[in-house]
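What follows is one structure encoded as structure tokens, with my remarks underneath.
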Amino acid sequence: MLRAADSGGPVTEIPDKVMSAPPDTVARPAPRLRAATFAPAGAEPSQTTGTRESESVRLSMDSLSAFFGDLQAVRDASVQFVDGKVTAIIGPSGCGKSTLLRCLNRMHETVPTARVEGTVTLDGEDIYARGVNAIEVRRQIGMVFQRPTPFPTMSIRDNVAAGFRVMGSAAPPRKQVDGIVEETLRRTALWDEVSSRLKESATSLSGGQQQRLCIARALATNPKVLLLDEPTASLDPLSTQKVEELVYELRGSVTVVIVTHNMQQAARVSDSTAFMLNGELVEVAPTRTLFTTPRDTRTESYITGRFG
Amino acid sequence: MSVRPSGVQRAAADRTARSLGRRRAKNMVMLGVMYLAAALATLPLLLILGHLLYEGASSLSVDFFVKMPQPVGEAGGGLANAIVGTLVLIGIASAIGLPIGVGAGLFLAERKGTRYATLVRFLSDVLNGLPSIVMGIFAWQFLVRPLGHFSAAAGGVALGAMMIPLVTRTTEEMIRLVPTSLREAALALAYPNWRTSLTIMLRSALPGIVTGALVAVARIAGETAPLLFTAFGNQFWSTSLDEPISALPLQIFTYAISPYDEWHKLAWAGALVLISLVLIISLAARYATRSRFGRSGD
């Protein structure tokens, strides 16, 4: 045992290393969760031009615990995700990384017997508050999974546009959809590879292309946050590189949270890194700091390869 | 190490060679058995088709499809009313069996762990095992007796009740084959549960469900027992749901047990048409639901 329990308790002092402003002083206008309207990518220039001093917290998790029945998968985790930044979550298998991620867009509750305690706030609004619809939350917090999941009955184009089908009146006008699809595919560096075969089945693409298509599908509806659950775990090195480059490109335009097994990947793509162990969020710090001068001995043991 | 293999090594090599030969022989035998089994599985169908062609093809003519049955002794005549009657009955049965069956199957797949689903699944299996004549009694009890007369509707209900469990179980099986990761992907894309069930899960399973539905249609198209005291049969042209209606299986039955050679021939031809009808429905529906990406993705 690596002293997993003896230092005990939540790491309450860590968030101030990641953020410069506490969430309640954030002055940006918080769009209401139930009144989301569609805006094309880049329509909010202010969110990309923020300097280091004006960093704002987009998504915040406060003393959150997640359960599957009696099993507690995440213990009292608090972490803040800065707008436009990439945050990586690392840790050994089964430490609760994915569960923590799935609590951020209320996917955790889709599993029977699963429940959540604590709060997650998006732009100051509690996504677990009574009356907040999980569907609305997921509209603003997109997610991509470990294995590519293109919808097999839809064409490449329709996959990218799939999110619009359930947006009702908030969906972009039909005439604009093709333009948004192209823009999104360019953004995910897929356009040159698929522009001549948009009407073909999405399952005809390679695994790496499928995964980038899934990222494009999640981005097309212009979410504020993108959650990536080990997005390269089933990909070859070249495809992995492309996805990593894409994640790197996305900083500034969308807040990214990426769960990864791969510490090098976390070091390459992220601004901040969180280390989890046995359901506990051990340490959150700027990526460089966490990998060079970790404060917790367990973090140090893990990143130096002594376990996991 | 010496270059020449030692005695022990040679013996081992011999053993390997012998065992390889044995394995090859075993492989050939097993392969042969499997080919035989595959051939035997299709043999009944081929025998039946061949025999029907041999006995019935000569009686097939345009008249058979457009003329009404003739009294004994008069040449010619056809089974136009029985063909249309069978189509009407299939239509009623499908209108009942498909929506209920697909809906129930979707429910069983999406709520598979619940006690209600377990109960429904069990009852569905019981219903599936029910003798078809009992379905006829059911329709007779609840439609024929209260209304006081046989009718196409009663026959269609009996056949539809037979279809429900067949369609339910195939729908459930096919939807459960769709990976749950697709459901998660849809939910994460802000699809509501019902949209996920309908446009992702059900849609992805559709080719399999259609195949299952066709098997169900094929099953009920040839049923005779449930129709004996519901649709009853009719020597005359009728498409009214409120009146007795003719059906190919009933007509085949009537003709086959008659003492007249000409009617026997018509029975053979009727059987051939019945099988062809099932075949055509299958092919047409498969064509209609083929993957629009030109790949055999089901």
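Each chain in the structure tokens gets a letter, A, B, ..., in the order shown, and its residues are numbered from 1; ligands are numbered from 1 in order too.
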
Show me a table, sorted first by chain and then by increasing residue number, of the residues of chain A having an atom at most 7 Å from chain B, each with its shortest atom pair and the distance in Å to one decimal, counting only C-alpha atoms and written as a tab-separated table.
residue	atom	partner	partner_atom	distance
A:Met107	CA	B:Ala188	CA	6.9
A:Ile135	CA	B:Ala190	CA	4.8
A:Glu136	CA	B:Ala190	CA	6.8
A:Arg138	CA	B:Ala190	CA	5.0
A:Arg139	CA	B:Ala190	CA	5.0
A:Gly142	CA	B:Ala188	CA	6.3
A:Met143	CA	B:Ala188	CA	5.8
A:Thr149	CA	B:Leu182	CA	5.9
A:Phe151	CA	B:Leu182	CA	6.9
A:Pro152	CA	B:Ser204	CA	6.9
A:Thr153	CA	B:Ser204	CA	6.1
A:Gly163	CA	B:Leu189	CA	5.8
A:Val166	CA	B:Tyr191	CA	6.0
A:Glu200	CA	B:Phe293	CA	6.2
A:Ser201	CA	B:Phe293	CA	5.9
A:Ala218	CA	B:Leu189	CA	6.6

Got time to write the residues from that selection, N, CA and C atoms, as a PDB file, in the first residue's frame?
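Contents of again.pdb, freshly written:
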ATOM      1  N   MET A 107     -23.510  12.086 -17.032  1.00  0.00           N
ATOM      2  CA  MET A 107     -23.610  10.757 -17.643  1.00  0.00           C
ATOM      3  C   MET A 107     -23.548   9.677 -16.571  1.00  0.00           C
ATOM      4  N   ILE A 135     -30.342  16.749 -20.080  1.00  0.00           N
ATOM      5  CA  ILE A 135     -30.187  16.903 -21.522  1.00  0.00           C
ATOM      6  C   ILE A 135     -29.578  18.274 -21.834  1.00  0.00           C
ATOM      7  N   GLU A 136     -30.061  19.295 -21.132  1.00  0.00           N
ATOM      8  CA  GLU A 136     -29.533  20.643 -21.350  1.00  0.00           C
ATOM      9  C   GLU A 136     -28.060  20.722 -20.958  1.00  0.00           C
ATOM     10  N   ARG A 138     -25.900  18.280 -21.024  1.00  0.00           N
ATOM     11  CA  ARG A 138     -25.077  17.572 -22.013  1.00  0.00           C
ATOM     12  C   ARG A 138     -25.004  18.330 -23.331  1.00  0.00           C
ATOM     13  N   ARG A 139     -25.985  19.184 -23.578  1.00  0.00           N
ATOM     14  CA  ARG A 139     -25.927  19.998 -24.786  1.00  0.00           C
ATOM     15  C   ARG A 139     -24.750  20.971 -24.708  1.00  0.00           C
ATOM     16  N   GLY A 142     -20.030  18.529 -24.077  1.00  0.00           N
ATOM     17  CA  GLY A 142     -19.952  17.386 -24.977  1.00  0.00           C
ATOM     18  C   GLY A 142     -19.004  16.332 -24.434  1.00  0.00           C
ATOM     19  N   MET A 143     -19.094  15.124 -25.008  1.00  0.00           N
ATOM     20  CA  MET A 143     -18.256  14.040 -24.499  1.00  0.00           C
ATOM     21  C   MET A 143     -17.880  13.084 -25.620  1.00  0.00           C
ATOM     22  N   THR A 149     -17.466   5.963 -31.520  1.00  0.00           N
ATOM     23  CA  THR A 149     -18.868   5.554 -31.558  1.00  0.00           C
ATOM     24  C   THR A 149     -19.641   6.301 -32.630  1.00  0.00           C
ATOM     25  N   PHE A 151     -22.417   6.862 -35.343  1.00  0.00           N
ATOM     26  CA  PHE A 151     -23.703   6.194 -35.512  1.00  0.00           C
ATOM     27  C   PHE A 151     -23.680   5.452 -36.846  1.00  0.00           C
ATOM     28  N   PRO A 152     -23.797   4.129 -36.817  1.00  0.00           N
ATOM     29  CA  PRO A 152     -23.569   3.337 -38.033  1.00  0.00           C
ATOM     30  C   PRO A 152     -24.627   3.551 -39.106  1.00  0.00           C
ATOM     31  N   THR A 153     -25.810   4.041 -38.727  1.00  0.00           N
ATOM     32  CA  THR A 153     -26.860   4.205 -39.724  1.00  0.00           C
ATOM     33  C   THR A 153     -26.807   5.576 -40.381  1.00  0.00           C
ATOM     34  N   GLY A 163     -26.106  16.080 -33.601  1.00  0.00           N
ATOM     35  CA  GLY A 163     -26.525  16.824 -32.412  1.00  0.00           C
ATOM     36  C   GLY A 163     -27.635  17.814 -32.692  1.00  0.00           C
ATOM     37  N   VAL A 166     -31.602  17.044 -32.194  1.00  0.00           N
ATOM     38  CA  VAL A 166     -32.326  17.067 -30.927  1.00  0.00           C
ATOM     39  C   VAL A 166     -32.266  18.438 -30.272  1.00  0.00           C
ATOM     40  N   GLU A 200     -20.981   8.898 -47.415  1.00  0.00           N
ATOM     41  CA  GLU A 200     -20.699   7.496 -47.128  1.00  0.00           C
ATOM     42  C   GLU A 200     -20.910   7.184 -45.650  1.00  0.00           C
ATOM     43  N   SER A 201     -20.963   5.888 -45.363  1.00  0.00           N
ATOM     44  CA  SER A 201     -21.163   5.474 -43.974  1.00  0.00           C
ATOM     45  C   SER A 201     -19.984   5.889 -43.107  1.00  0.00           C
ATOM     46  N   ALA A 218     -19.162  16.045 -31.431  1.00  0.00           N
ATOM     47  CA  ALA A 218     -19.369  16.690 -30.137  1.00  0.00           C
ATOM     48  C   ALA A 218     -19.174  18.196 -30.236  1.00  0.00           C
TER      49      ALA A 218
END

Set the distance at 9 Å and use only C-alpha atoms: which residues neighbour Thr224 of chain B once local chain neighbours fewer than 3 positions away are removed? I'd like the list as a PyMOL selection string. chain B and resi 132-133+220-221+227-228+247-250+253

Would you save the residues of that selection, restricted to C-alpha atoms, as an mmCIF file, in the first residue's frame?
data_model
loop_
_atom_site.group_PDB
_atom_site.id
_atom_site.type_symbol
_atom_site.label_atom_id
_atom_site.label_comp_id
_atom_site.auth_asym_id
_atom_site.auth_seq_id
_atom_site.Cartn_x
_atom_site.Cartn_y
_atom_site.Cartn_z
ATOM 1 C CA SER B 132 -51.997 -21.883 -32.863
ATOM 2 C CA ILE B 133 -55.452 -23.344 -32.622
ATOM 3 C CA ILE B 220 -48.545 -16.757 -39.880
ATOM 4 C CA ALA B 221 -49.113 -16.632 -43.645
ATOM 5 C CA LEU B 227 -58.448 -19.424 -39.269
ATOM 6 C CA LEU B 228 -60.723 -22.467 -39.158
ATOM 7 C CA ALA B 247 -57.273 -17.715 -47.345
ATOM 8 C CA LEU B 248 -54.755 -19.824 -49.223
ATOM 9 C CA PRO B 249 -54.083 -22.289 -46.390
ATOM 10 C CA LEU B 250 -57.805 -22.801 -45.841
ATOM 11 C CA PHE B 253 -56.908 -27.633 -46.925
#

For segment 134-138 of chain B, please output as a VMD selection string all residues within 8 Å (counting only C-alpha atoms; exclusion window: fewer than 6 positions along the same chain). chain B and resid 155 158 to 159 161 to 162 225 to 230

Just C-alpha atoms for this one: save the residues we selected as a PDB file, in the first residue's frame.
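Result file again38.pdb:
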ATOM      1  CA  GLY B 155     -58.842 -14.189 -38.362  1.00  0.00           C
ATOM      2  CA  ALA B 158     -55.806 -14.468 -34.225  1.00  0.00           C
ATOM      3  CA  LEU B 159     -52.811 -14.256 -36.560  1.00  0.00           C
ATOM      4  CA  ALA B 161     -51.744 -12.415 -31.588  1.00  0.00           C
ATOM      5  CA  MET B 162     -49.438 -15.115 -32.917  1.00  0.00           C
ATOM      6  CA  ALA B 225     -55.699 -23.725 -37.544  1.00  0.00           C
ATOM      7  CA  PRO B 226     -56.384 -20.221 -36.180  1.00  0.00           C
ATOM      8  CA  LEU B 227     -58.448 -19.424 -39.269  1.00  0.00           C
ATOM      9  CA  LEU B 228     -60.723 -22.467 -39.158  1.00  0.00           C
ATOM     10  CA  PHE B 229     -63.300 -20.840 -36.909  1.00  0.00           C
ATOM     11  CA  THR B 230     -62.393 -17.163 -37.331  1.00  0.00           C
TER      12      THR B 230
END

List every residue of segment 47-250 of chain A that DSSP, applied to the backbone, labels as helix (DSSP H, G or I), and write the result as a PyMOL selection string. chain A and resi 47+52-54+97-103+108-110+134-140+156-160+162-166+168-170+174-187+191-197+202-204+207-220+237-250

Residue nearest Asp83 of chain A - candidates A:Cys214, A:Ala170, A:Leu71, A:Leu59, atoms counted: only C-alpha atoms: A:Leu59

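The coordinates place atom CA of Phe291 of chain A at 18.4 Å from atom CA of Phe81 of chain A.
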